[in-house]
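**Student:** For reference, the file final.txt (compact mmCIF, C-alpha atoms) is included below:
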# COMPACT_ATOMS: atom_id res chain seq x y z
CA MET A 198 21.12 -35.23 -30.09
CA HIS A 199 21.05 -37.64 -27.14
CA LEU A 200 19.26 -36.28 -24.07
CA HIS A 201 19.75 -38.41 -20.97
CA LEU A 202 16.56 -38.95 -18.95
CA LYS A 203 16.30 -40.76 -15.63
CA THR A 204 12.78 -41.81 -14.69
CA GLN A 205 11.12 -42.81 -11.43
CA GLY A 206 7.58 -44.02 -10.82
CA LYS A 207 4.93 -45.78 -12.87
CA SER A 208 4.60 -44.83 -16.51
CA SER A 209 0.80 -44.76 -16.08
CA ASN A 210 1.12 -41.75 -13.77
CA LYS A 211 1.06 -38.20 -15.07
CA PRO A 212 4.45 -36.83 -16.13
CA LEU A 213 6.48 -34.46 -13.96
CA ILE A 214 9.66 -33.06 -15.52
CA LEU A 215 12.54 -31.82 -13.34
CA LEU A 216 15.19 -29.45 -14.76
CA HIS A 217 18.39 -28.80 -12.82
CA GLY A 218 20.42 -25.59 -12.59
CA TRP A 219 23.79 -24.49 -13.94
CA GLY A 220 26.67 -26.90 -13.40
CA PHE A 221 24.58 -29.82 -12.15
CA ASN A 222 22.64 -32.75 -13.60
CA GLY A 223 19.43 -34.65 -13.05
CA GLU A 224 20.88 -36.62 -10.11
CA ILE A 225 20.32 -33.62 -7.85
CA TRP A 226 16.62 -34.54 -7.83
CA ASN A 227 17.09 -38.16 -6.67
CA ASP A 228 15.63 -37.78 -3.17
CA ILE A 229 12.80 -35.42 -4.14
CA GLY A 230 12.06 -37.52 -7.22
CA ARG A 231 11.75 -40.66 -5.12
CA VAL A 232 8.96 -39.08 -3.05
CA LEU A 233 7.18 -37.55 -6.02
CA ALA A 234 7.32 -40.86 -7.91
CA LYS A 235 4.58 -42.21 -5.64
CA ASP A 236 2.04 -40.13 -7.58
CA TRP A 237 3.89 -39.01 -10.74
CA TYR A 238 6.07 -40.40 -13.49
CA VAL A 239 9.19 -38.33 -12.81
CA TYR A 240 11.67 -37.36 -15.52
CA GLN A 241 15.06 -36.15 -14.23
CA VAL A 242 16.67 -34.44 -17.20
CA ASP A 243 20.38 -33.95 -17.82
CA LEU A 244 20.42 -30.69 -19.76
CA PRO A 245 22.65 -30.62 -22.87
CA GLY A 246 26.35 -30.74 -22.03
CA HIS A 247 25.59 -31.77 -18.44
CA GLY A 248 25.69 -35.24 -16.94
CA ARG A 249 25.24 -37.83 -19.70
CA SER A 250 23.58 -35.58 -22.30
CA GLN A 251 25.25 -34.46 -25.49
CA MET A 252 25.98 -30.80 -26.16
CA CYS A 253 23.82 -28.70 -28.47
CA GLU A 254 23.44 -25.06 -29.38
CA TYR A 255 22.69 -23.15 -26.17
CA SER A 256 19.90 -20.86 -27.22
CA LEU A 257 16.49 -21.07 -25.59
CA PRO A 258 14.69 -21.84 -28.89
CA VAL A 259 17.01 -24.80 -29.59
CA LEU A 260 16.94 -26.04 -26.01
CA THR A 261 13.14 -25.99 -25.88
CA GLU A 262 12.88 -27.71 -29.29
CA ASN A 263 15.12 -30.54 -28.08
CA LEU A 264 13.22 -30.89 -24.83
CA VAL A 265 9.77 -30.89 -26.40
CA ALA A 266 10.91 -33.59 -28.85
CA ALA A 267 12.19 -35.86 -26.06
CA LEU A 268 9.57 -35.37 -23.35
CA PRO A 269 5.79 -35.89 -23.04
CA LYS A 270 3.19 -33.22 -23.59
CA LYS A 271 0.79 -31.96 -20.93
CA ALA A 272 3.35 -32.41 -18.19
CA VAL A 273 4.18 -30.45 -15.06
CA TRP A 274 7.51 -28.68 -15.59
CA LEU A 275 9.61 -27.89 -12.55
CA GLY A 276 12.79 -25.88 -13.07
CA TRP A 277 15.39 -24.89 -10.51
CA SER A 278 17.55 -21.78 -11.12
CA MET A 279 18.69 -21.88 -14.79
CA GLY A 280 16.30 -24.78 -15.31
CA GLY A 281 13.52 -22.37 -14.33
CA LEU A 282 14.40 -20.09 -17.25
CA ILE A 283 14.10 -23.03 -19.62
CA ALA A 284 10.81 -24.12 -18.04
CA MET A 285 9.47 -20.56 -18.43
CA ALA A 286 10.39 -20.57 -22.10
CA MET A 287 8.63 -23.93 -22.50
CA ALA A 288 5.47 -22.59 -20.87
CA SER A 289 5.52 -19.53 -23.12
CA TRP A 290 6.56 -21.05 -26.46
CA GLN A 291 5.25 -24.62 -26.09
CA PRO A 292 2.09 -24.14 -23.99
CA ALA A 293 0.57 -27.45 -25.13
CA SER A 294 3.45 -29.24 -23.40
CA VAL A 295 3.14 -27.49 -20.04
CA GLN A 296 0.13 -28.23 -17.86
CA ALA A 297 1.59 -26.45 -14.84
CA LEU A 298 4.82 -24.59 -14.08
CA VAL A 299 6.91 -24.70 -10.89
CA LEU A 300 9.90 -22.39 -10.52
CA VAL A 301 12.41 -22.90 -7.71
CA SER A 302 14.92 -20.14 -6.90
CA SER A 303 14.44 -18.77 -10.38
CA SER A 304 13.43 -15.55 -12.10
CA PRO A 305 12.61 -14.32 -15.61
CA ARG A 306 15.73 -12.12 -15.39
CA PHE A 307 18.78 -13.09 -13.30
CA ILE A 308 20.72 -9.84 -13.77
CA SER A 309 19.68 -6.61 -12.06
CA ALA A 310 18.61 -3.50 -13.96
CA ASP A 311 17.22 -0.09 -13.05
CA ASN A 312 13.70 -1.48 -13.32
CA TRP A 313 14.64 -4.92 -11.92
CA PRO A 314 16.62 -4.40 -8.72
CA HIS A 315 16.12 -7.75 -6.99
CA ALA A 316 18.66 -9.82 -8.90
CA MET A 317 22.38 -10.55 -9.22
CA LYS A 318 24.94 -7.96 -10.25
CA LEU A 319 26.38 -8.55 -13.71
CA GLY A 320 29.92 -8.72 -12.33
CA VAL A 321 29.17 -11.94 -10.41
CA LEU A 322 28.55 -13.96 -13.55
CA LYS A 323 31.32 -12.24 -15.49
CA GLN A 324 33.80 -13.24 -12.79
CA PHE A 325 32.69 -16.86 -12.95
CA ALA A 326 32.96 -16.85 -16.76
CA GLN A 327 36.52 -15.56 -16.53
CA GLN A 328 37.56 -18.06 -13.86
CA LEU A 329 35.93 -20.91 -15.79
CA GLN A 330 38.42 -20.54 -18.63
CA ASN A 331 41.34 -21.53 -16.41
CA ASP A 332 39.84 -23.74 -13.70
CA THR A 333 36.57 -25.52 -14.46
CA LEU A 334 36.41 -27.71 -11.35
CA GLY A 335 37.56 -24.95 -9.01
CA THR A 336 34.99 -22.54 -10.45
CA LEU A 337 32.22 -25.10 -10.00
CA LYS A 338 33.18 -25.60 -6.36
CA ARG A 339 33.21 -21.83 -5.73
CA PHE A 340 29.76 -21.59 -7.30
CA LEU A 341 28.54 -24.39 -5.03
CA ALA A 342 29.68 -22.42 -2.01
CA LEU A 343 27.79 -19.37 -3.26
CA GLN A 344 24.60 -21.38 -3.70
CA VAL A 345 24.54 -22.59 -0.10
CA LYS A 346 25.60 -19.23 1.34
CA GLY A 347 23.15 -18.00 3.97
CA SER A 348 21.48 -21.37 4.50
CA GLU A 349 21.36 -22.66 8.06
CA SER A 350 22.72 -26.05 6.88
CA ALA A 351 25.34 -24.76 4.42
CA ARG A 352 28.12 -27.26 5.27
CA GLU A 353 25.83 -30.28 5.00
CA GLN A 354 24.44 -29.06 1.69
CA LEU A 355 27.92 -28.42 0.30
CA ARG A 356 28.89 -32.01 1.04
CA SER A 357 25.73 -33.24 -0.68
CA LEU A 358 26.36 -31.09 -3.75
CA ASN A 359 29.95 -32.26 -4.08
CA ALA A 360 28.69 -35.85 -3.89
CA VAL A 361 26.22 -35.17 -6.73
CA LEU A 362 28.99 -33.76 -8.91
CA LYS A 363 31.09 -36.90 -8.38
CA GLN A 364 28.28 -39.21 -9.51
CA THR A 365 28.39 -38.11 -13.14
CA PRO A 366 30.88 -36.49 -15.53
CA ILE A 367 31.74 -32.83 -14.93
CA PRO A 368 29.66 -30.63 -17.28
CA GLN A 369 31.38 -29.74 -20.52
CA SER A 370 33.21 -26.41 -20.37
CA GLN A 371 31.34 -25.25 -23.46
CA ALA A 372 28.00 -25.93 -21.76
CA LEU A 373 29.07 -24.10 -18.62
CA GLN A 374 30.18 -21.01 -20.56
CA ALA A 375 27.00 -21.08 -22.64
CA GLY A 376 24.88 -21.46 -19.52
CA LEU A 377 26.47 -18.39 -17.94
CA GLN A 378 25.75 -16.44 -21.11
CA LEU A 379 22.15 -17.64 -20.97
CA LEU A 380 21.79 -16.43 -17.37
CA GLN A 381 23.51 -13.16 -18.20
CA ASN A 382 21.59 -12.24 -21.36
CA THR A 383 18.10 -13.73 -20.96
CA ASP A 384 15.15 -11.51 -20.13
CA LEU A 385 11.82 -13.38 -20.19
CA ARG A 386 9.72 -10.79 -18.39
CA ALA A 387 7.49 -10.19 -21.42
CA GLU A 388 7.01 -13.94 -21.96
CA PHE A 389 6.45 -14.55 -18.26
CA SER A 390 3.60 -12.05 -18.16
CA GLN A 391 1.77 -14.06 -20.85
CA ILE A 392 1.95 -17.48 -19.17
CA ASN A 393 -1.55 -18.77 -18.40
CA CYS A 394 -1.01 -22.19 -16.86
CA PRO A 395 -1.07 -22.66 -13.05
CA SER A 396 2.29 -21.43 -11.77
CA LEU A 397 4.20 -21.53 -8.49
CA LEU A 398 7.41 -19.73 -7.51
CA CYS A 399 9.31 -21.14 -4.51
CA LEU A 400 12.10 -18.99 -3.07
CA GLY A 401 14.60 -19.25 -0.22
CA GLU A 402 14.59 -16.51 2.40
CA ARG A 403 18.41 -16.31 2.47
CA ASP A 404 19.10 -16.85 -1.23
CA THR A 405 21.94 -14.55 -2.38
CA LEU A 406 21.55 -15.39 -6.10
CA VAL A 407 17.78 -15.00 -6.54
CA PRO A 408 16.62 -12.77 -3.66
CA ALA A 409 13.28 -13.61 -2.09
CA SER A 410 12.26 -9.98 -2.67
CA VAL A 411 11.86 -10.77 -6.38
CA ALA A 412 8.53 -12.45 -5.55
CA THR A 413 6.65 -9.13 -5.63
CA ASP A 414 8.23 -8.19 -8.96
CA CYS A 415 7.22 -11.54 -10.45
CA GLN A 416 3.65 -11.25 -9.17
CA ASP A 417 3.41 -7.78 -10.72
CA LEU A 418 4.21 -9.41 -14.06
CA CYS A 419 1.98 -12.44 -13.52
CA PRO A 420 -0.81 -11.72 -10.98
CA LYS A 421 -2.01 -15.34 -10.98
CA LEU A 422 1.42 -16.58 -9.88
CA GLN A 423 1.50 -18.27 -6.47
CA THR A 424 4.62 -17.60 -4.40
CA VAL A 425 6.06 -19.20 -1.29
CA CYS A 426 9.23 -18.40 0.67
CA ILE A 427 10.97 -21.02 2.80
CA LYS A 428 12.54 -19.50 5.90
CA SER A 429 16.26 -20.02 6.53
CA ALA A 430 16.71 -21.56 3.06
CA GLY A 431 19.28 -20.43 0.51
CA HIS A 432 19.35 -21.19 -3.22
CA LEU A 433 18.54 -24.89 -2.72
CA PRO A 434 15.33 -25.11 -0.67
CA PHE A 435 14.51 -28.57 -2.00
CA LEU A 436 17.76 -29.90 -0.50
CA SER A 437 17.98 -27.83 2.68
CA HIS A 438 14.28 -28.02 3.62
CA PRO A 439 12.82 -30.98 1.68
CA LYS A 440 9.77 -31.50 3.90
CA GLN A 441 8.67 -27.87 3.63
CA PHE A 442 9.42 -27.81 -0.08
CA LEU A 443 7.37 -30.94 -0.71
CA TYR A 444 4.52 -29.59 1.42
CA TYR A 445 4.24 -26.48 -0.73
CA LEU A 446 4.82 -28.33 -4.00
CA GLN A 447 2.33 -31.11 -3.36
CA GLY A 448 -0.24 -28.63 -2.07
CA PHE A 449 0.08 -26.63 -5.29
CA LEU A 450 -0.13 -29.73 -7.48
CA ASN A 451 -3.14 -31.12 -5.62
CA GLU A 452 -4.89 -27.77 -5.83
CA SER A 453 -4.07 -27.10 -9.49
CA LEU A 454 -4.20 -30.62 -10.93
CA ILE A 455 -5.53 -34.04 -10.11
CA PRO A 456 -2.56 -36.44 -10.02
CA SER A 457 -2.92 -40.06 -10.97
CA PRO A 458 -3.61 -42.15 -7.87
CA SER A 459 -0.79 -44.38 -6.74
CA SER A 460 -1.51 -48.03 -6.29
Could you take the file, read its structure, and then write that structure out as structure tokens?

**Tutor:**
Amino acid sequence: MHLHLKTQGKSSNKPLILLHGWGFNGEIWNDIGRVLAKDWYVYQVDLPGHGRSQMCEYSLPVLTENLVAALPKKAVWLGWSMGGLIAMAMASWQPASVQALVLVSSSPRFISADNWPHAMKLGVLKQFAQQLQNDTLGTLKRFLALQVKGSESAREQLRSLNAVLKQTPIPQSQALQAGLQLLQNTDLRAEFSQINCPSLLCLGERDTLVPASVATDCQDLCPKLQTVCIKSAGHLPFLSHPKQFLYYLQGFLNESLIPSPSS
């Protein structure tokens, strides 16, 4: 299958792979990628069925196989929201490919349970799946509004997100439905507890989809995990608070790895 990759930076730099969340594409990383490209060779991935990438079977084993075939080994993998689930699976099942793991507004389980309270209610995703069948674009726009909810710059972010969606084709309906099923049914807590590479979890204080309170639960699973919480941020801290996000990200990368020097 064809997997669309946008790159920034010098190919001699170490690779940094950026995975977007549900309903988006690699263009959402343009501004962050431009800064990171000073020290890294940045890969902005369009996940299957999103942006300019072809559709494939939407199971984590197949997704990780396609990604590992298209991308370099010993890279830093950074995944936002649903992209974080895929990055976790990569770190667990393809450890030779993942030198360090960065999760942004993500969790090993997105749906709440008796022993996992800090997560979404199942009905939220079920409602989106039902609405998606009749109104793809309208459902995407409603999901955008939910992602910026609580952020101090919600209106500005919503305009930015709508602009990103207009830059590339709307994700295929099949990919959107499959992505919702992935978020609904995936539980990587056992895999997450076995990840050994340096790992960082960045959360937004006002996130209504992945509550910041999940940080303690994640650290209980993976004691070596570093966590940071960006105040006043919602589900998109890298867009709403880019300077703070980059401060934490670059501090983690500099502490955990030695990036190639820019010249």

**Student:** Can you find the residues with an atom no farther than 6 Å from (14.5, -19.5, -4.1), counting only C-alpha atoms, and report them as a short mmCIF file (atom, residue, chain, number, x, y, z; two decimals) with C-alpha atoms, keeping the file's coordinate frame?

**Tutor:**
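That gives us out-v2.cif:
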data_model
loop_
_atom_site.label_atom_id
_atom_site.label_comp_id
_atom_site.auth_asym_id
_atom_site.auth_seq_id
_atom_site.Cartn_x
_atom_site.Cartn_y
_atom_site.Cartn_z
CA VAL A 301 12.41 -22.90 -7.71
CA SER A 302 14.92 -20.14 -6.90
CA CYS A 399 9.31 -21.14 -4.51
CA LEU A 400 12.10 -18.99 -3.07
CA GLY A 401 14.60 -19.25 -0.22
CA HIS A 432 19.35 -21.19 -3.22
#

**Student:** Given the choices A:Asn210, A:Ile367, A:Arg231, A:Ser278, which gets closest to Leu443 in chain A if the distance is worked out from only C-alpha atoms?

**Tutor:**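 Of all the options, A:Arg231 lies closest to Leu443 in chain A.
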
**Student:** Considering only C-alpha atoms, return as number ranges by chain whatever protein or nucleic-acid residues lie within 12 Å of Asn451 in chain A, sequence-local ones (same chain, fewer than 6 positions apart) excluded.

**Tutor:** A: 236-237, 273, 297, 395, 443-445, 457-458

**Student:** Please measure the separation of CA of Arg403 in chain A and CA of Gly431 in chain A, giving the value in Å to one decimal.

**Tutor:**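 Between CA of Arg403 in chain A and CA of Gly431 in chain A the gap works out to 4.6 Å.
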
**Student:** At most 10 Å from (19.5, -24.8, 6.3), file frame, only C-alpha atoms: which residues, as a list of chain:residue names?

**Tutor:**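 Checking each residue against the 10 Å limit leaves A:Val345, A:Lys346, A:Gly347, A:Ser348, A:Glu349, A:Ser350, A:Ala351, A:Arg352, A:Glu353, A:Gln354, A:Gly401, A:Arg403, A:Ile427, A:Lys428, A:Ser429, A:Ala430, A:Gly431, A:Leu433, A:Pro434, A:Leu436, A:Ser437, A:His438.
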
**Student:** Given the choices A:Gln324, A:Asn222, A:Gln296, A:Ser453, which gets closest to Leu377 in chain A if the distance is worked out from all atoms listed in the file?

**Tutor:**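 Smallest separation from Leu377 in chain A among the options: A:Gln324.
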
**Student:** Separation of CA of Gln205 in chain A and CA of Leu380 in chain A, in Å?

**Tutor:**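 So the two atoms, CA of Gln205 in chain A and CA of Leu380 in chain A, lie 29.1 Å apart.
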
**Student:** CA of Gln344 in chain A and CA of Gly448 in chain A, how far apart in Å?

**Tutor:**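 Atom-to-atom, CA of Gly448 in chain A to CA of Gln344 in chain A, that is 25.9 Å.
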
**Student:** Which is closest to Pro305 in chain A among A:Gln447, A:Thr333, A:Ser289, A:Gln251, if we use only C-alpha atoms?

**Tutor:** A:Ser289

**Student:** Write out as a ChimeraX atom specification the residues lying within 9 Å of range 290-295 of chain A, counting all atoms listed in the file and excluding same-chain residues fewer than 4 positions away.

**Tutor:** /A:258,261-262,265,268-274,284-286,388,392-394

**Student:** Using only C-alpha atoms, which protein or nucleic acid residues come within 9 Å of Glu254 in chain A? Drop anything in the same chain fewer than 4 positions from it, and give the result as a ChimeraX atom specification.

**Tutor:** /A:245,259-260,372,375

**Student:** Go through A:Val407, A:Val361, A:Leu422, A:Ala387 one by one, measure the shortest atom-to-atom distance of each to Asp228 in chain A using only C-alpha atoms, and give the residue with the smallest value.

**Tutor:**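 Ranked by minimum distance to Asp228 in chain A, first place goes to A:Val361.
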
**Student:** Which of these residues is nearest to Pro212 in chain A, using only C-alpha atoms: A:His199, A:Lys235, A:His315, A:Arg386?

**Tutor:**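 Closest to Pro212 in chain A of all the choices is A:Lys235.
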
**Student:** Looking at all atoms listed in the file, which of A:Gln327, A:Thr383, A:Ser256, A:Ser390 is the one that sits closest to Cys419 in chain A?

**Tutor:**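 Comparing A:Gln327, A:Thr383, A:Ser256, A:Ser390 against Cys419 in chain A, the winner is A:Ser390.
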
**Student:** What's around Gln328 in chain A at 12 Å? Count only C-alpha atoms, leave out sequence neighbours fewer than 5 positions away in its own chain, and write the answer as a PyMOL selection string.

**Tutor:** chain A and resi 321-323+333-340+370+373-374+377
